[in-house]
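A.B. asks: Input file: run_33.cif. Contents: mmCIF, C-alpha atoms.
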```
data_protein
#
loop_
_atom_site.group_PDB
_atom_site.id
_atom_site.type_symbol
_atom_site.label_atom_id
_atom_site.label_comp_id
_atom_site.auth_asym_id
_atom_site.auth_seq_id
_atom_site.Cartn_x
_atom_site.Cartn_y
_atom_site.Cartn_z
ATOM 1 C CA MET B 1 16.970 -0.166 -11.581
ATOM 2 C CA PRO B 2 13.903 1.565 -10.099
ATOM 3 C CA ALA B 3 10.534 0.794 -11.630
ATOM 4 C CA PRO B 4 9.180 3.445 -13.966
ATOM 5 C CA MET B 5 6.886 5.969 -12.366
ATOM 6 C CA PRO B 6 3.174 5.558 -13.108
ATOM 7 C CA VAL B 7 1.642 7.758 -15.744
ATOM 8 C CA ALA B 8 0.401 11.149 -14.600
ATOM 9 C CA TYR B 9 -3.254 11.536 -13.631
ATOM 10 C CA PRO B 10 -5.381 14.675 -13.330
ATOM 11 C CA HIS B 11 -6.159 13.820 -9.700
ATOM 12 C CA TYR B 12 -4.830 11.530 -6.996
ATOM 13 C CA LEU B 13 -7.175 10.066 -4.383
ATOM 14 C CA VAL B 14 -5.273 9.155 -1.224
ATOM 15 C CA ILE B 15 -7.239 6.816 1.024
ATOM 16 C CA ASP B 16 -6.452 5.529 4.487
ATOM 17 C CA PHE B 17 -8.777 3.273 6.465
ATOM 18 C CA GLU B 18 -8.733 2.388 10.122
ATOM 19 C CA ALA B 19 -10.384 -0.895 11.015
ATOM 20 C CA THR B 20 -11.406 -3.020 13.951
ATOM 21 C CA CYS B 21 -8.432 -4.982 15.246
ATOM 22 C CA CYS B 22 -7.055 -6.889 18.206
ATOM 23 C CA ASP B 23 -3.564 -7.983 19.174
ATOM 24 C CA LEU B 24 -4.995 -11.070 20.924
ATOM 25 C CA GLY B 25 -6.724 -12.539 17.866
ATOM 26 C CA SER B 26 -10.340 -11.833 18.846
ATOM 27 C CA VAL B 27 -10.845 -9.955 15.552
ATOM 28 C CA PRO B 28 -9.612 -12.239 12.747
ATOM 29 C CA ARG B 29 -8.130 -10.494 9.688
ATOM 30 C CA GLY B 30 -11.052 -11.645 7.551
ATOM 31 C CA GLU B 31 -13.530 -10.053 9.972
ATOM 32 C CA MET B 32 -11.872 -6.662 10.359
ATOM 33 C CA GLU B 33 -14.189 -3.785 9.413
ATOM 34 C CA ILE B 34 -13.517 -0.204 8.434
ATOM 35 C CA ILE B 35 -14.228 2.197 11.295
ATOM 36 C CA GLU B 36 -12.800 5.360 9.710
ATOM 37 C CA ILE B 37 -12.555 6.540 6.125
ATOM 38 C CA GLY B 38 -9.944 9.216 5.566
ATOM 39 C CA ALA B 39 -9.406 10.550 2.058
ATOM 40 C CA VAL B 40 -7.545 13.414 0.418
ATOM 41 C CA MET B 41 -7.947 14.498 -3.192
ATOM 42 C CA THR B 42 -5.016 16.247 -4.859
ATOM 43 C CA ASP B 43 -4.654 17.796 -8.270
ATOM 44 C CA ALA B 44 -2.017 16.761 -10.803
ATOM 45 C CA ARG B 45 0.597 18.939 -9.044
ATOM 46 C CA PHE B 46 -0.248 17.344 -5.673
ATOM 47 C CA GLY B 47 -2.012 20.369 -4.234
ATOM 48 C CA VAL B 48 -4.837 19.343 -1.902
ATOM 49 C CA VAL B 49 -8.222 19.990 -3.500
ATOM 50 C CA ASP B 50 -10.469 18.566 -0.772
ATOM 51 C CA ASP B 51 -10.614 15.949 1.957
ATOM 52 C CA PHE B 52 -13.185 13.600 3.453
ATOM 53 C CA GLN B 53 -13.561 11.893 6.814
ATOM 54 C CA THR B 54 -16.200 9.787 8.490
ATOM 55 C CA PHE B 55 -16.314 7.191 11.213
ATOM 56 C CA VAL B 56 -18.132 3.942 10.427
ATOM 57 C CA GLN B 57 -20.120 1.739 12.803
ATOM 58 C CA PRO B 58 -18.892 -1.867 12.693
ATOM 59 C CA VAL B 59 -21.349 -4.783 12.894
ATOM 60 C CA ARG B 60 -19.258 -7.968 13.193
ATOM 61 C CA HIS B 61 -17.314 -6.779 16.229
ATOM 62 C CA PRO B 62 -19.207 -3.682 17.379
ATOM 63 C CA ARG B 63 -17.191 -3.235 20.598
ATOM 64 C CA LEU B 64 -13.744 -1.809 19.910
ATOM 65 C CA THR B 65 -10.906 -3.595 21.648
ATOM 66 C CA ALA B 66 -8.590 -1.737 23.990
ATOM 67 C CA PHE B 67 -5.810 -2.396 21.458
ATOM 68 C CA CYS B 68 -7.822 -0.790 18.640
ATOM 69 C CA THR B 69 -8.713 2.265 20.701
ATOM 70 C CA GLY B 70 -5.125 2.645 21.885
ATOM 71 C CA LEU B 71 -3.737 2.311 18.367
ATOM 72 C CA THR B 72 -6.179 4.592 16.554
ATOM 73 C CA THR B 73 -7.496 6.900 19.323
ATOM 74 C CA ILE B 74 -10.967 6.194 17.900
ATOM 75 C CA ARG B 75 -13.391 5.913 20.801
ATOM 76 C CA GLN B 76 -16.375 3.613 21.191
ATOM 77 C CA GLU B 77 -18.695 6.624 21.206
ATOM 78 C CA ASP B 78 -17.229 7.734 17.844
ATOM 79 C CA VAL B 79 -18.290 4.528 16.123
ATOM 80 C CA ASP B 80 -21.543 4.132 18.079
ATOM 81 C CA ALA B 81 -22.716 7.500 16.706
ATOM 82 C CA ALA B 82 -21.394 6.819 13.185
ATOM 83 C CA PRO B 83 -23.318 5.701 10.105
ATOM 84 C CA GLY B 84 -23.162 2.078 9.017
ATOM 85 C CA PHE B 85 -20.877 1.041 6.171
ATOM 86 C CA ALA B 86 -23.495 1.369 3.414
ATOM 87 C CA GLU B 87 -24.427 4.926 4.416
ATOM 88 C CA ALA B 88 -20.824 5.988 4.972
ATOM 89 C CA LEU B 89 -19.813 4.543 1.595
ATOM 90 C CA SER B 90 -22.702 6.314 -0.113
ATOM 91 C CA THR B 91 -21.587 9.646 1.378
ATOM 92 C CA PHE B 92 -18.017 8.943 0.295
ATOM 93 C CA VAL B 93 -19.127 8.075 -3.252
ATOM 94 C CA ALA B 94 -21.111 11.340 -3.467
ATOM 95 C CA TRP B 95 -17.995 13.258 -2.361
ATOM 96 C CA LEU B 96 -15.897 11.385 -4.930
ATOM 97 C CA LEU B 97 -18.169 12.079 -7.943
ATOM 98 C CA PRO B 98 -16.474 15.264 -9.254
ATOM 99 C CA TRP B 99 -13.139 13.452 -9.548
ATOM 100 C CA HIS B 100 -13.931 10.539 -11.848
ATOM 101 C CA ASP B 101 -10.419 10.849 -13.323
ATOM 102 C CA ALA B 102 -8.508 10.124 -10.097
ATOM 103 C CA ALA B 103 -6.003 7.358 -9.449
ATOM 104 C CA PHE B 104 -6.437 5.563 -6.116
ATOM 105 C CA CYS B 105 -3.348 5.777 -3.891
ATOM 106 C CA SER B 106 -2.675 4.239 -0.497
ATOM 107 C CA TRP B 107 0.248 3.341 1.741
ATOM 108 C CA GLY B 108 0.622 -0.316 0.780
ATOM 109 C CA ASP B 109 -2.114 -2.666 -0.426
ATOM 110 C CA TYR B 110 -3.961 -3.067 2.871
ATOM 111 C CA ASP B 111 -6.506 -0.298 2.217
ATOM 112 C CA ARG B 112 -7.393 -1.639 -1.229
ATOM 113 C CA HIS B 113 -7.977 -5.135 0.190
ATOM 114 C CA GLN B 114 -9.889 -3.882 3.243
ATOM 115 C CA LEU B 115 -12.269 -1.851 1.084
ATOM 116 C CA GLN B 116 -12.953 -4.862 -1.145
ATOM 117 C CA GLN B 117 -13.527 -7.074 1.908
ATOM 118 C CA ASP B 118 -16.078 -4.662 3.387
ATOM 119 C CA CYS B 119 -17.816 -4.146 0.029
ATOM 120 C CA ASP B 120 -18.072 -7.922 -0.438
ATOM 121 C CA PHE B 121 -19.438 -8.431 3.080
ATOM 122 C CA HIS B 122 -22.102 -5.741 2.597
ATOM 123 C CA ARG B 123 -22.750 -6.769 -1.038
ATOM 124 C CA LEU B 124 -21.928 -3.321 -2.372
ATOM 125 C CA PRO B 125 -19.895 -2.345 -5.438
ATOM 126 C CA ASN B 126 -16.373 -1.140 -4.788
ATOM 127 C CA PRO B 127 -16.282 2.594 -5.593
ATOM 128 C CA ALA B 128 -12.497 3.011 -5.676
ATOM 129 C CA PRO B 129 -11.175 4.164 -9.019
ATOM 130 C CA THR B 130 -8.553 2.205 -10.874
ATOM 131 C CA PRO B 131 -5.667 1.951 -11.102
ATOM 132 C CA HIS B 132 -4.343 1.538 -7.584
ATOM 133 C CA ILE B 133 -0.921 3.039 -6.823
ATOM 134 C CA ASN B 134 1.028 1.609 -3.888
ATOM 135 C CA ILE B 135 2.837 4.692 -2.548
ATOM 136 C CA LYS B 136 4.688 2.645 0.077
ATOM 137 C CA ALA B 137 6.329 0.484 -2.599
ATOM 138 C CA LEU B 138 7.187 3.484 -4.786
ATOM 139 C CA PHE B 139 8.769 5.341 -1.866
ATOM 140 C CA SER B 140 11.070 2.396 -1.128
ATOM 141 C CA GLU B 141 11.919 2.013 -4.827
ATOM 142 C CA LEU B 142 12.806 5.692 -4.935
ATOM 143 C CA LEU B 143 15.382 5.075 -2.223
ATOM 144 C CA GLY B 144 16.593 1.884 -3.893
ATOM 145 C CA LEU B 145 15.716 -0.138 -0.799
ATOM 146 C CA LYS B 146 13.979 -3.467 -0.351
ATOM 147 C CA LYS B 147 12.765 -2.400 3.100
ATOM 148 C CA LYS B 148 9.266 -0.967 3.006
ATOM 149 C CA TYR B 149 8.974 2.037 5.280
ATOM 150 C CA GLY B 150 6.102 2.590 7.629
ATOM 151 C CA LEU B 151 4.304 5.873 7.033
ATOM 152 C CA ALA B 152 5.793 7.690 10.040
ATOM 153 C CA GLY B 153 9.302 6.602 9.034
ATOM 154 C CA ALA B 154 8.771 7.722 5.441
ATOM 155 C CA VAL B 155 7.537 11.137 6.551
ATOM 156 C CA GLU B 156 10.659 11.486 8.688
ATOM 157 C CA ARG B 157 12.922 10.325 5.821
ATOM 158 C CA ALA B 158 11.364 13.043 3.660
ATOM 159 C CA GLY B 159 12.456 15.623 6.234
ATOM 160 C CA LEU B 160 8.905 16.361 7.369
ATOM 161 C CA ALA B 161 7.241 16.293 10.765
ATOM 162 C CA PHE B 162 4.246 13.971 11.021
ATOM 163 C CA ALA B 163 1.103 16.101 11.089
ATOM 164 C CA GLY B 164 -1.759 14.958 13.294
ATOM 165 C CA THR B 165 -2.219 11.561 14.929
ATOM 166 C CA HIS B 166 -0.679 8.445 13.391
ATOM 167 C CA HIS B 167 -3.215 5.648 12.750
ATOM 168 C CA ARG B 168 -6.069 8.094 12.295
ATOM 169 C CA GLY B 169 -7.420 7.724 8.767
ATOM 170 C CA ILE B 170 -7.682 11.389 7.840
ATOM 171 C CA ASP B 171 -4.294 12.299 9.331
ATOM 172 C CA ASP B 172 -2.552 9.354 7.675
ATOM 173 C CA ALA B 173 -4.162 10.258 4.328
ATOM 174 C CA ARG B 174 -2.960 13.851 4.674
ATOM 175 C CA ASN B 175 0.578 12.699 5.424
ATOM 176 C CA ILE B 176 0.598 10.272 2.500
ATOM 177 C CA ALA B 177 -0.535 13.148 0.255
ATOM 178 C CA ARG B 178 2.451 15.176 1.486
ATOM 179 C CA LEU B 179 4.745 12.405 0.207
ATOM 180 C CA LEU B 180 3.332 12.370 -3.339
ATOM 181 C CA PRO B 181 5.681 15.109 -4.639
ATOM 182 C CA PHE B 182 8.665 13.054 -3.472
ATOM 183 C CA VAL B 183 7.393 9.788 -4.911
ATOM 184 C CA PHE B 184 6.537 11.272 -8.281
ATOM 185 C CA GLY B 185 9.732 13.291 -8.610
ATOM 186 C CA GLU B 186 8.321 16.766 -8.063
ATOM 187 C CA ALA B 187 10.392 17.254 -4.906
ATOM 188 C CA ARG B 188 13.771 15.908 -3.869
ATOM 189 C CA LEU B 189 14.346 13.955 -0.704
ATOM 190 C CA PRO B 190 16.889 15.502 1.670
ATOM 191 C CA GLN B 191 20.384 14.186 0.922
ATOM 192 C CA ALA B 192 20.634 12.337 4.250
ATOM 193 C CA ALA B 193 17.386 10.542 3.484
ATOM 194 C CA ARG B 194 18.711 9.263 0.187
ATOM 195 C CA ALA B 195 21.825 7.679 1.691
#
```
Render the structure in this file as structure tokens.
C.D. replies:
Amino acid sequence: MPAPMPVAYPHYLVIDFEATCCDLGSVPRGEMEIIEIGAVMTDARFGVVDDFQTFVQPVRHPRLTAFCTGLTTIRQEDVDAAPGFAEALSTFVAWLLPWHDAAFCSWGDYDRHQLQQDCDFHRLPNPAPTPHINIKALFSELLGLKKKYGLAGAVERAGLAFAGTHHRGIDDARNIARLLPFVFGEARLPQAARA
């Protein structure tokens, strides 16, 4: 039996972070840093109210790996010209202020953990509202599947075309926001997707 849907909220904050990474192990998981904040705010009916995007300059591993650049399309010059984490977070918090009643949504738990890791490293309070809603888990529950879909696969299963560039924070956040009506029962998945 599927888990009950979360209670309704006046606003939903969809966040997606991109972070430093390497497929060869030169950037350990505990040292990954946010290099892009992408966020979309929706109203209670999942209409987009506003969005936010900024690159962030990393300090632990300031040179992006070829793997990271290839995965995210974020260039070294993008992060070199970006604000540091504290300044970027401050700008994000100022943007977030009008929506104090939002629930924090992301595709899986990675973004929630990455934000906490960066806040801890920089000794800053975590600004993300509570509760956190794992849209990835809810999407799979909706289909009655144990398999957790990647974002691109979920967008396809919903009968949509992926908009923008996958693994770019703002584009991923926008695509996650497009899935909210399906996850919360406002829209029906195509019949083939439900099989």
A.B. asks: Could you tell me, as a list in words, exactly which residues end up selected when the PyMOL selection byres ((chain B and resi 161-175) around 7) is applied to this structure?
C.D. replies: Val14, Ile15, Asp16, Phe17, Glu18, Glu36, Ile37, Gly38, Ala39, Val40, Gln53, Leu71, Thr72, Ala152, Val155, Glu156, Gly159, Leu160, Ile176, Ala177, Arg178 and Leu179 of chain B
A.B. asks: Name the residues that the PyMOL selection byres ((chain B and resi 21) around 10) picks from the file above, as a ChimeraX atom specification, using the file's chain letters and numbers.
C.D. replies: /B:18-20,22-29,31-34,61,64-69,71-72
A.B. asks: Taking all atoms of range 80-98 of chain B that the file lists and extending 6 Å past them on each side, where is the centre of the axis-aligned box and how long are its edges? Answer in Å to one decimal, as JSON.
C.D. replies:
```
{"center_x": -20.2, "center_y": 8.2, "center_z": 4.4, "size_x": 20.5, "size_y": 26.2, "size_z": 39.3}
```
A.B. asks: So that I can see what lies close to Ser140 in chain B, please list as a list of chain:residue names the residues with an atom at most 12 Å from it, counting only C-alpha atoms and leaving out residues fewer than 5 positions away in the same chain.
C.D. replies: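 Answer for this query is B:Pro2, B:Ala3, B:Trp107, B:Gly108, B:Asn134, B:Ile135, B:Leu145, B:Lys146, B:Lys147, B:Lys148, B:Tyr149, B:Gly150, B:Leu151, B:Gly153, B:Ala154, B:Arg157, B:Ala158, B:Leu179, B:Phe182, B:Val183, B:Ala193, B:Arg194.
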A.B. asks: Need to verify the contact set: range 74-79 of chain B, 7 Å, only C-alpha atoms, exclusion of same-chain residues closer than 3 positions in sequence. Can you return it as a list in words?
C.D. replies: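 Listed by chain and then number, they are Ile35, Phe55, Val56, Gln57, Arg63, Leu64, Thr69 and Ala82 of chain B.
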A.B. asks: Write a file of the just-selected residues containing C-alpha atoms, as an mmCIF file, in the coordinates of the input.
C.D. replies:
```
data_model
loop_
_atom_site.group_PDB
_atom_site.id
_atom_site.type_symbol
_atom_site.label_atom_id
_atom_site.label_comp_id
_atom_site.auth_asym_id
_atom_site.auth_seq_id
_atom_site.Cartn_x
_atom_site.Cartn_y
_atom_site.Cartn_z
ATOM 1 C CA ILE B 35 -14.228 2.197 11.295
ATOM 2 C CA PHE B 55 -16.314 7.191 11.213
ATOM 3 C CA VAL B 56 -18.132 3.942 10.427
ATOM 4 C CA GLN B 57 -20.120 1.739 12.803
ATOM 5 C CA ARG B 63 -17.191 -3.235 20.598
ATOM 6 C CA LEU B 64 -13.744 -1.809 19.910
ATOM 7 C CA THR B 69 -8.713 2.265 20.701
ATOM 8 C CA ALA B 82 -21.394 6.819 13.185
#
```
A.B. asks: Using all atoms listed in the file, which of the listed residues (B:Phe139, B:Ala128, B:Asp43, B:Gly84) sits closest to Asp111 in chain B?
C.D. replies: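 Result for the nearest residue to Asp111 in chain B: B:Ala128.
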A.B. asks: Which residue gives the smallest distance to His122 in chain B among B:Leu189, B:Met41, B:Leu138, B:Val59, with all atoms listed in the file counted?
C.D. replies: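 Closest residue, counting all atoms listed in the file: B:Val59.
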A.B. asks: Taking (-14.5, 8.3, -5.8) in the coordinates of the supplied file, I want to know which residues reach to within 12 Å of it, counting all atoms listed in the file; could you give the answer as number ranges by chain?
C.D. replies: B: 11-15, 39-41, 51-52, 89-105, 125-130
A.B. asks: State, in Å with one decimal place, the distance from CA of Pro83 in chain B to CA of Pro131 in chain B.
C.D. replies: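 So the two atoms, CA of Pro83 in chain B and CA of Pro131 in chain B, lie 27.8 Å apart.
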A.B. asks: Could you check how far CA of Lys136 in chain B sits from CA of Phe184 in chain B, in Å to one decimal?
C.D. replies: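 It comes out at 12.2 Å.
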A.B. asks: Rounded to one decimal place, report the CA of Leu115 in chain B-CA of Pro62 in chain B distance in Å.
C.D. replies: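 One can read the CA of Leu115 in chain B to CA of Pro62 in chain B distance as 17.8 Å.
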A.B. asks: Kindly indicate which residue among B:Thr42, B:Phe121, B:Gln116, B:Asp80 lies nearest to Arg60 in chain B, using only C-alpha atoms for the distances.
C.D. replies: B:Phe121
A.B. asks: With distances taken over all atoms listed in the file, which of B:Pro10, B:Arg112, B:Glu141, B:Gln117 is nearest to Ala44 in chain B?
C.D. replies: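 Checking each of B:Pro10, B:Arg112, B:Glu141, B:Gln117 against Ala44 in chain B, counting all atoms listed in the file, the winner is B:Pro10.
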A.B. asks: For Ala137 in chain B, which residue among B:Asp118, B:Ser106, B:Ala8, B:Val48 is the nearest when counting all atoms listed in the file?
C.D. replies: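 Closest candidate: B:Ser106.
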